[in-house]
file data-v6.tsv (TSV, C-alpha atoms and all ligand atoms)
chain	number	residue	atom	x	y	z
O	1	MET	CA	38.06	10.00	-101.39
O	2	TRP	CA	36.18	13.28	-101.16
O	3	SER	CA	33.47	12.15	-103.54
O	4	ARG	CA	33.03	8.96	-101.51
O	5	LEU	CA	32.74	10.98	-98.29
O	6	LEU	CA	30.18	13.23	-99.93
O	7	VAL	CA	28.05	10.22	-100.88
O	8	LEU	CA	28.19	8.93	-97.29
O	9	LEU	CA	27.15	12.31	-95.92
O	10	LEU	CA	24.28	12.61	-98.35
O	11	VAL	CA	22.64	9.35	-97.36
O	12	VAL	CA	22.42	10.23	-93.62
O	13	PRO	CA	19.07	11.98	-93.10
O	14	ALA	CA	19.27	15.07	-90.86
O	15	GLY	CA	18.38	14.27	-87.25
O	16	SER	CA	18.16	10.57	-88.03
O	17	VAL	CA	18.20	7.99	-85.26
O	18	LEU	CA	20.22	5.76	-87.59
O	19	SER	CA	24.00	5.64	-87.39
O	20	ALA	CA	26.98	4.46	-89.44
O	21	GLN	CA	25.08	4.46	-92.72
O	22	LYS	CA	26.50	3.08	-95.93
O	23	ALA	CA	25.33	3.79	-99.42
O	24	CYS	CA	22.56	1.50	-100.65
O	25	PRO	CA	20.76	1.32	-104.00
O	26	PRO	CA	17.64	3.51	-104.37
O	27	GLY	CA	14.66	2.11	-102.44
O	28	GLU	CA	16.86	0.42	-99.81
O	29	HIS	CA	18.43	1.55	-96.52
O	30	TRP	CA	21.47	0.41	-94.57
O	31	VAL	CA	20.98	-1.74	-91.45
O	32	ASN	CA	23.86	-2.46	-89.05
O	33	ALA	CA	24.31	-6.04	-87.79
O	34	TYR	CA	22.04	-6.85	-84.83
O	35	HIS	CA	20.62	-9.68	-82.78
O	36	ARG	CA	16.91	-10.01	-83.41
O	37	ARG	CA	14.85	-11.31	-80.52
O	38	ALA	CA	12.01	-13.72	-81.37
O	39	TYR	CA	8.66	-11.99	-81.81
O	40	SER	CA	5.18	-12.34	-83.28
O	41	ARG	CA	3.67	-10.24	-86.07
O	42	GLY	CA	0.26	-8.60	-85.70
O	43	ASP	CA	-1.58	-11.64	-87.08
O	44	GLY	CA	0.25	-13.95	-84.64
O	45	THR	CA	2.89	-15.24	-87.12
O	46	PHE	CA	5.97	-16.25	-85.12
O	47	VAL	CA	9.38	-14.90	-86.21
O	48	SER	CA	12.34	-16.73	-84.65
O	49	ALA	CA	15.41	-15.10	-83.10
O	50	ALA	CA	18.35	-14.54	-85.47
O	51	ASP	CA	21.70	-12.80	-85.83
O	52	VAL	CA	21.02	-10.42	-88.69
O	53	LYS	CA	24.12	-9.44	-90.72
O	54	ALA	CA	24.67	-5.82	-91.80
O	55	HIS	CA	22.85	-5.34	-95.10
O	56	CYS	CA	20.88	-3.07	-97.41
O	57	HIS	CA	17.20	-3.60	-96.66
O	58	GLY	CA	14.27	-2.83	-98.97
O	59	ASN	CA	12.38	0.24	-97.75
O	60	PRO	CA	8.87	-0.29	-96.40
O	61	ALA	CA	6.18	2.09	-97.73
O	62	ASN	CA	6.89	5.76	-96.87
O	63	TYR	CA	10.17	4.78	-95.20
O	64	HIS	CA	11.64	8.31	-95.14
O	65	PHE	CA	8.48	9.81	-93.63
O	66	TRP	CA	8.29	7.27	-90.82
O	67	VAL	CA	11.99	7.07	-89.98
O	68	SER	CA	11.93	10.86	-89.50
O	69	LYS	CA	9.28	10.38	-86.76
O	70	LEU	CA	11.51	8.13	-84.62
O	71	LYS	CA	12.91	10.69	-82.19
O	72	SER	CA	15.73	10.70	-79.66
O	73	GLY	CA	15.31	12.27	-76.23
O	74	ARG	CA	12.09	12.45	-74.21
O	75	PRO	CA	8.83	14.40	-74.48
O	76	LEU	CA	8.05	16.97	-71.77
O	77	TRP	CA	4.64	15.44	-71.00
O	78	ARG	CA	6.22	12.34	-69.41
O	79	PRO	CA	7.63	12.44	-65.83
O	80	ASP	CA	11.33	13.41	-65.55
O	81	ALA	CA	12.04	10.02	-63.96
O	82	GLU	CA	11.31	8.29	-67.27
O	83	LYS	CA	14.66	8.15	-69.06
O	84	ALA	CA	15.31	8.25	-72.79
O	85	SER	CA	16.80	5.21	-74.50
O	86	ASP	CA	18.68	4.98	-77.79
O	87	TRP	CA	16.88	3.38	-80.73
O	88	ALA	CA	18.64	0.05	-81.37
O	89	ALA	CA	18.93	-1.06	-85.03
O	90	GLU	CA	16.64	-4.01	-84.17
O	91	GLU	CA	13.98	-1.69	-82.75
O	92	VAL	CA	14.03	0.69	-85.73
O	93	GLU	CA	13.50	-2.24	-88.10
O	94	ARG	CA	10.73	-3.71	-85.94
O	95	VAL	CA	8.82	-0.43	-85.65
O	96	LEU	CA	9.11	0.19	-89.41
O	97	GLU	CA	7.77	-3.31	-90.04
O	98	VAL	CA	4.85	-2.69	-87.66
O	99	LEU	CA	4.00	0.60	-89.39
O	100	ASP	CA	4.10	-1.25	-92.69
O	101	GLU	CA	1.40	-3.68	-91.46
O	102	THR	CA	-0.68	-0.87	-89.91
O	103	PRO	CA	-3.54	0.55	-92.01
O	104	ASN	CA	-3.46	4.22	-93.05
O	105	LEU	CA	-6.47	5.10	-90.90
O	106	LEU	CA	-4.38	4.50	-87.75
O	107	LYS	CA	-1.12	6.16	-88.86
O	108	ASP	CA	-2.16	9.53	-90.22
O	109	ASN	CA	0.10	12.39	-91.27
O	110	ASN	CA	-0.37	14.31	-88.01
O	111	ILE	CA	1.75	11.93	-85.96
O	112	LYS	CA	4.62	14.09	-84.75
O	113	ALA	CA	6.99	11.80	-82.92
O	114	ILE	CA	7.59	8.28	-81.68
O	115	TYR	CA	9.93	8.38	-78.68
O	116	ARG	CA	11.89	5.52	-77.14
O	117	LEU	CA	12.05	5.57	-73.31
O	118	LYS	CA	13.36	2.96	-70.85
O	119	GLU	CA	10.77	2.14	-68.20
O	120	SER	CA	7.35	3.66	-67.66
O	121	ILE	CA	6.13	5.11	-64.39
O	122	PRO	CA	4.19	3.18	-63.19
O	123	PRO	CA	6.18	0.14	-64.45
O	124	GLY	CA	4.70	-2.52	-66.73
O	125	ASN	CA	3.15	-0.12	-69.24
O	126	PRO	CA	4.54	-0.74	-72.76
O	127	ALA	CA	3.48	2.57	-74.38
O	128	SER	CA	1.82	5.97	-73.89
O	129	THR	CA	0.11	8.52	-76.14
O	130	ASN	CA	-0.53	12.22	-75.84
O	131	LEU	CA	-2.08	14.07	-78.79
O	132	ASN	CA	0.28	13.34	-81.70
O	133	ASP	CA	3.18	11.93	-79.67
O	134	ILE	CA	3.74	8.27	-78.90
O	135	VAL	CA	6.20	6.73	-76.44
O	136	LEU	CA	7.44	3.14	-76.65
O	137	TYR	CA	9.08	1.67	-73.53
O	138	ASP	CA	11.46	-1.33	-73.21
O	139	ASP	CA	8.47	-3.57	-72.40
O	140	ALA	CA	6.93	-2.97	-75.85
O	141	PHE	CA	9.74	-5.06	-77.39
O	142	GLU	CA	9.54	-7.93	-74.89
O	143	PRO	CA	7.08	-10.81	-74.37
O	144	PRO	CA	4.28	-11.03	-73.43
O	145	PHE	CA	3.71	-7.82	-75.41
O	146	ASN	CA	3.23	-7.86	-79.17
O	147	LEU	CA	4.77	-4.68	-80.60
O	148	THR	CA	2.17	-4.42	-83.40
O	149	HIS	CA	-0.69	-4.64	-80.91
O	150	VAL	CA	1.03	-2.20	-78.52
O	151	LEU	CA	1.66	0.49	-81.13
O	152	ASP	CA	-1.68	0.04	-82.89
O	153	HIS	CA	-3.51	0.21	-79.54
O	154	GLU	CA	-1.99	3.67	-78.99
O	155	LEU	CA	-2.82	4.72	-82.55
O	156	SER	CA	-6.38	3.40	-82.12
O	157	HIS	CA	-6.90	5.84	-79.22
O	158	ARG	CA	-6.44	8.63	-81.75
O	159	VAL	CA	-9.07	7.03	-84.03
O	160	PHE	CA	-11.59	6.98	-81.13
O	161	GLU	CA	-10.97	10.67	-80.42
O	162	LYS	CA	-11.85	11.48	-84.01
O	163	LEU	CA	-15.19	9.59	-84.00
O	164	SER	CA	-18.37	11.67	-83.90
O	165	ASP	CA	-20.28	11.82	-80.59
O	166	GLY	CA	-22.95	9.65	-82.23
O	167	GLU	CA	-20.40	6.99	-83.18
O	168	LYS	CA	-18.81	7.04	-79.69
O	169	GLY	CA	-22.28	6.64	-78.17
O	170	SER	CA	-23.27	3.79	-80.46
O	171	PHE	CA	-19.98	1.99	-79.72
O	172	ARG	CA	-20.59	2.32	-75.96
O	173	ARG	CA	-24.13	0.99	-76.36
O	174	ILE	CA	-23.19	-1.99	-78.51
O	175	ALA	CA	-20.24	-2.79	-76.22
O	176	LYS	CA	-22.49	-2.62	-73.12
O	177	TRP	CA	-20.91	0.32	-71.30
O	178	LYS	CA	-23.43	1.62	-68.78
O	179	LYS	CA	-23.34	5.29	-67.85
O	180	ASP	CA	-22.64	5.94	-64.19
O	181	SER	CA	-25.06	8.72	-63.23
O	182	ARG	CA	-23.05	9.67	-60.12
O	183	VAL	CA	-19.69	10.33	-61.82
O	184	LYS	CA	-19.39	12.49	-64.96
O	185	ASP	CA	-18.12	10.66	-68.07
O	186	HIS	CA	-17.75	7.41	-66.18
O	187	PHE	CA	-19.00	4.13	-67.63
O	188	THR	CA	-19.21	0.66	-66.10
O	189	PRO	CA	-18.33	-2.50	-68.11
O	190	LYS	CA	-21.29	-4.88	-68.36
O	191	ARG	CA	-20.02	-7.70	-70.60
O	192	SER	CA	-18.70	-10.92	-69.10
O	193	ASP	CA	-14.91	-10.94	-68.44
O	194	LYS	CA	-14.09	-13.24	-71.34
O	195	GLU	CA	-15.72	-10.85	-73.80
O	196	TYR	CA	-12.83	-8.36	-73.49
O	197	VAL	CA	-9.54	-8.64	-75.40
O	198	ARG	CA	-7.67	-8.27	-72.07
O	199	PRO	CA	-8.42	-6.95	-68.57
O	200	ASN	CA	-7.11	-3.46	-69.48
O	201	ALA	CA	-10.08	-3.11	-71.86
O	202	MET	CA	-12.45	-3.14	-68.87
O	203	LEU	CA	-11.07	0.19	-67.60
O	204	SER	CA	-13.03	2.45	-69.97
O	205	PRO	CA	-14.79	2.55	-73.36
O	206	GLU	CA	-11.61	4.22	-74.75
O	207	GLU	CA	-9.37	1.30	-73.64
O	208	ASP	CA	-11.96	-1.20	-74.87
O	209	PHE	CA	-12.18	0.47	-78.28
O	210	ALA	CA	-8.38	0.63	-78.69
O	211	ASP	CA	-8.06	-3.11	-78.03
O	212	ASP	CA	-11.07	-3.98	-80.19
O	213	LEU	CA	-9.91	-1.94	-83.19
O	214	THR	CA	-6.40	-3.43	-82.97
O	215	GLU	CA	-7.96	-6.90	-82.86
O	216	TYR	CA	-10.32	-6.07	-85.76
O	217	VAL	CA	-7.36	-4.97	-87.89
O	218	HIS	CA	-4.99	-7.85	-87.12
O	219	GLN	CA	-7.04	-10.80	-85.84
O	220	PRO	CA	-10.64	-10.16	-86.97
O	221	ALA	CA	-11.74	-13.79	-86.59
O	222	LYS	CA	-10.73	-13.69	-82.91
O	223	LEU	CA	-12.76	-10.52	-82.34
O	224	GLU	CA	-15.79	-11.97	-84.14
O	225	LYS	CA	-15.63	-15.04	-81.93
O	226	MET	CA	-15.06	-13.03	-78.74
O	227	TYR	CA	-18.00	-10.63	-79.12
O	228	PRO	CA	-19.88	-10.55	-82.46
O	229	PRO	CA	-21.72	-7.21	-81.86
O	230	ILE	CA	-18.40	-5.34	-81.60
O	231	PHE	CA	-17.07	-7.09	-84.71
O	232	ASP	CA	-20.25	-6.06	-86.58
O	233	TRP	CA	-19.94	-2.46	-85.29
O	234	MET	CA	-16.32	-2.29	-86.49
O	235	LYS	CA	-17.27	-3.72	-89.87
O	236	LYS	CA	-20.01	-1.10	-90.34
O	237	HIS	CA	-18.35	2.00	-88.87
O	238	ILE	CA	-14.61	1.40	-89.31
O	239	GLY	CA	-14.48	-1.01	-92.27
O	240	PRO	CA	-15.16	1.65	-94.95
O	241	LYS	CA	-12.70	4.10	-93.31
O	242	LEU	CA	-9.98	1.44	-93.25
O	243	LYS	CA	-10.31	1.10	-97.01
O	244	ASN	CA	-9.80	4.78	-97.81
O	245	GLY	CA	-8.65	6.54	-94.61
O	246	GLY	CA	-5.34	8.29	-93.90
O	247	SER	CA	-2.60	9.25	-96.28
O	248	GLN	CA	0.55	7.40	-95.29
O	301	ZN	ZN	-4.77	2.55	-73.94

call {"tool": "encode", "arguments": {"input": "data-v6.tsv", "output": "structure tokens"}}
result
Amino acid sequence: MWSRLLVLLLVVPAGSVLSAQKACPPGEHWVNAYHRRAYSRGDGTFVSAADVKAHCHGNPANYHFWVSKLKSGRPLWRPDAEKASDWAAEEVERVLEVLDETPNLLKDNNIKAIYRLKESIPPGNPASTNLNDIVLYDDAFEPPFNLTHVLDHELSHRVFEKLSDGEKGSFRRIAKWKKDSRVKDHFTPKRSDKEYVRPNAMLSPEEDFADDLTEYVHQPAKLEKMYPPIFDWMKKHIGPKLKNGGSQ
């Protein structure tokens, strides 16, 4: 009895968002039964809704590292009115799957925490980023949002921040962002509406880049068709980094 209890205690990682763990063979983790909502993977593959039975699930790459980043509670940089939510078993599995299909360049070792909050203020926003923290709201797990695109959009903002000034400038030029001489650091979108991944990308070069990089990673043919110069820029400047960037 005691030895069994000891085994159960040992397999629960400290501070884990997971609950009611059971012992699994090495390389697998315990997943409680849950209802999985239908969703689409990053490349658009549809996954139908299902009642998933409790089971031992094979660990995705760097499982222990990433599961330790899924935090309870709320970060201080979000408004108090945004309330924390518990990580449901379904959501933990979905986020781990997304991280598994996200290239290392986007998910570097410096990421500190991924929080789970209920609704954003203002509403309708699926995620937020600040430095090395990421927040996922309820909307990130519901249509029309694609969780892979939502999370990788936030991670792509961090990639833009790390570009050299020369690379940022060449991206803005190729993507037709015109400098507004009256307002500091303000740029005006000059492509036609259908040459943006979505309307949000027209807000700033940063939003445009985050959508374009996410598209380049998961649906490159769509990006190439939408606006070939951006596809070519990504291939030249980001392609080599995708092959050897990051460490997780
Ligand atoms: Zn954004």

call {"tool": "residues_around", "arguments": {"input": "data-v6.tsv", "residues": "Ala221 (chain O)", "least_positions_apart": "3", "cutoff": "12 Å", "atoms": "only C-alpha atoms", "output": "list in words"}}
result
Asp43, Asp212, Glu215, Tyr216, Val217, His218, Glu224, Lys225, Met226, Tyr227, Pro228, Ile230, Phe231, Asp232 and Lys235 of chain O

call {"tool": "closest_atom_pairs", "arguments": {"input": "data-v6.tsv", "of": "chain O", "to": "ligand ZN 301 (chain O)", "cutoff": "9 Å", "atoms": "all atoms listed in the file", "output": "tab-separated table"}}
result
residue	atom	partner	partner_atom	distance
O:Ala127	CA	O:ZN301	ZN	8.3
O:Ser128	CA	O:ZN301	ZN	7.4
O:Thr129	CA	O:ZN301	ZN	8.0
O:Val150	CA	O:ZN301	ZN	8.8
O:His153	CA	O:ZN301	ZN	6.2
O:Glu154	CA	O:ZN301	ZN	5.9
O:Ser156	CA	O:ZN301	ZN	8.4
O:His157	CA	O:ZN301	ZN	6.6
O:Asn200	CA	O:ZN301	ZN	7.8
O:Ala201	CA	O:ZN301	ZN	8.0
O:Glu206	CA	O:ZN301	ZN	7.1
O:Glu207	CA	O:ZN301	ZN	4.8
O:Asp208	CA	O:ZN301	ZN	8.2
O:Phe209	CA	O:ZN301	ZN	8.8
O:Ala210	CA	O:ZN301	ZN	6.3
O:Asp211	CA	O:ZN301	ZN	7.7

call {"tool": "atom_distance", "arguments": {"input": "data-v6.tsv", "atom1": "CA of Pro126 (chain O)", "atom2": "CA of Arg36 (chain O)"}}
result
18.8 Å

call {"tool": "closest_residue", "arguments": {"input": "data-v6.tsv", "among": "O:Asn104, O:Asn125, O:Thr188, O:Asn32", "to": "Ala61 (chain O)", "atoms": "all atoms listed in the file"}}
result
O:Asn104

call {"tool": "closest_residue", "arguments": {"input": "data-v6.tsv", "among": "O:Val98, O:Ala88, O:Leu105, O:Cys56", "to": "Ala23 (chain O)", "atoms": "all atoms listed in the file"}}
result
O:Cys56

call {"tool": "atom_distance", "arguments": {"input": "data-v6.tsv", "atom1": "CA of Phe160 (chain O)", "atom2": "CA of Ser72 (chain O)"}}
result
27.6 Å

call {"tool": "closest_residue", "arguments": {"input": "data-v6.tsv", "among": "O:Gly73, O:Pro205, O:Gly27, O:Pro123", "to": "Lys176 (chain O)", "atoms": "all atoms listed in the file"}}
result
O:Pro205

call {"tool": "atom_distance", "arguments": {"input": "data-v6.tsv", "atom1": "CA of Pro220 (chain O)", "atom2": "CA of Lys241 (chain O)"}}
result
15.7 Å

call {"tool": "closest_residue", "arguments": {"input": "data-v6.tsv", "among": "O:His57, O:Trp177, O:Tyr39, O:Val47", "to": "Pro25 (chain O)", "atoms": "all atoms listed in the file"}}
result
O:His57

call {"tool": "axis_aligned_box", "arguments": {"input": "data-v6.tsv", "around": "region 218-232 of chain O", "padding_each_side": "4 Å", "output": "lines of an AutoDock Vina configuration file"}}
result
center_x = -13.4
center_y = -10.2
center_z = -82.9
size_x = 24.7
size_y = 17.7
size_z = 16.4

call {"tool": "closest_residue", "arguments": {"input": "data-v6.tsv", "among": "O:Ala33, O:Leu76, O:Leu223, O:Leu99", "to": "Leu147 (chain O)", "atoms": "only C-alpha atoms"}}
result
O:Leu99

call {"tool": "residues_around", "arguments": {"input": "data-v6.tsv", "residues": "Asp100 (chain O)", "least_positions_apart": "6", "cutoff": "9 Å", "atoms": "all atoms listed in the file", "output": "VMD selection string"}}
result
chain O and resid 60 to 63

call {"tool": "closest_residue", "arguments": {"input": "data-v6.tsv", "among": "O:His149, O:His186, O:Arg158, O:Lys83", "to": "Thr214 (chain O)", "atoms": "all atoms listed in the file"}}
result
O:His149

call {"tool": "decode", "arguments": {"input": "data-v6.tsv", "residues": "region 184-226 of chain O", "atoms": "C-alpha atoms", "output": "PDB file, in the first residue's frame"}}
result
ATOM      1  CA  LYS O 184       6.539  58.048 -34.947  1.00  0.00           C
ATOM      2  CA  ASP O 185       6.844  54.306 -35.653  1.00  0.00           C
ATOM      3  CA  HIS O 186       3.537  54.248 -37.498  1.00  0.00           C
ATOM      4  CA  PHE O 187       3.174  52.471 -40.829  1.00  0.00           C
ATOM      5  CA  THR O 188       0.261  52.348 -43.274  1.00  0.00           C
ATOM      6  CA  PRO O 189      -0.734  49.103 -45.078  1.00  0.00           C
ATOM      7  CA  LYS O 190      -0.492  49.469 -48.865  1.00  0.00           C
ATOM      8  CA  ARG O 191      -1.336  45.989 -50.177  1.00  0.00           C
ATOM      9  CA  SER O 192      -4.839  45.158 -51.373  1.00  0.00           C
ATOM     10  CA  ASP O 193      -7.152  43.715 -48.664  1.00  0.00           C
ATOM     11  CA  LYS O 194      -7.037  40.167 -49.997  1.00  0.00           C
ATOM     12  CA  GLU O 195      -3.256  40.095 -49.700  1.00  0.00           C
ATOM     13  CA  TYR O 196      -3.429  39.852 -45.892  1.00  0.00           C
ATOM     14  CA  VAL O 197      -3.997  36.603 -43.963  1.00  0.00           C
ATOM     15  CA  ARG O 198      -6.844  38.332 -42.062  1.00  0.00           C
ATOM     16  CA  PRO O 199      -7.951  41.906 -41.307  1.00  0.00           C
ATOM     17  CA  ASN O 200      -5.975  41.938 -38.021  1.00  0.00           C
ATOM     18  CA  ALA O 201      -2.763  41.788 -40.094  1.00  0.00           C
ATOM     19  CA  MET O 202      -3.526  45.262 -41.483  1.00  0.00           C
ATOM     20  CA  LEU O 203      -3.083  46.852 -38.037  1.00  0.00           C
ATOM     21  CA  SER O 204       0.732  46.970 -38.055  1.00  0.00           C
ATOM     22  CA  PRO O 205       3.840  45.332 -39.561  1.00  0.00           C
ATOM     23  CA  GLU O 206       4.133  43.316 -36.297  1.00  0.00           C
ATOM     24  CA  GLU O 207       0.606  41.844 -36.665  1.00  0.00           C
ATOM     25  CA  ASP O 208       1.207  41.229 -40.368  1.00  0.00           C
ATOM     26  CA  PHE O 209       4.491  39.420 -39.687  1.00  0.00           C
ATOM     27  CA  ALA O 210       2.961  37.232 -36.943  1.00  0.00           C
ATOM     28  CA  ASP O 211       0.191  36.067 -39.293  1.00  0.00           C
ATOM     29  CA  ASP O 212       2.567  35.615 -42.238  1.00  0.00           C
ATOM     30  CA  LEU O 213       5.107  33.562 -40.289  1.00  0.00           C
ATOM     31  CA  THR O 214       2.356  31.336 -38.847  1.00  0.00           C
ATOM     32  CA  GLU O 215       1.029  30.826 -42.382  1.00  0.00           C
ATOM     33  CA  TYR O 216       4.545  30.163 -43.742  1.00  0.00           C
ATOM     34  CA  VAL O 217       5.083  27.471 -41.101  1.00  0.00           C
ATOM     35  CA  HIS O 218       1.737  25.683 -41.387  1.00  0.00           C
ATOM     36  CA  GLN O 219       0.203  26.523 -44.776  1.00  0.00           C
ATOM     37  CA  PRO O 220       3.082  27.761 -46.968  1.00  0.00           C
ATOM     38  CA  ALA O 221       1.269  27.155 -50.259  1.00  0.00           C
ATOM     39  CA  LYS O 222      -1.538  29.479 -49.116  1.00  0.00           C
ATOM     40  CA  LEU O 223       0.954  32.218 -48.252  1.00  0.00           C
ATOM     41  CA  GLU O 224       2.760  31.818 -51.577  1.00  0.00           C
ATOM     42  CA  LYS O 225      -0.533  32.188 -53.411  1.00  0.00           C
ATOM     43  CA  MET O 226      -1.683  35.126 -51.276  1.00  0.00           C
TER      44      MET O 226
END
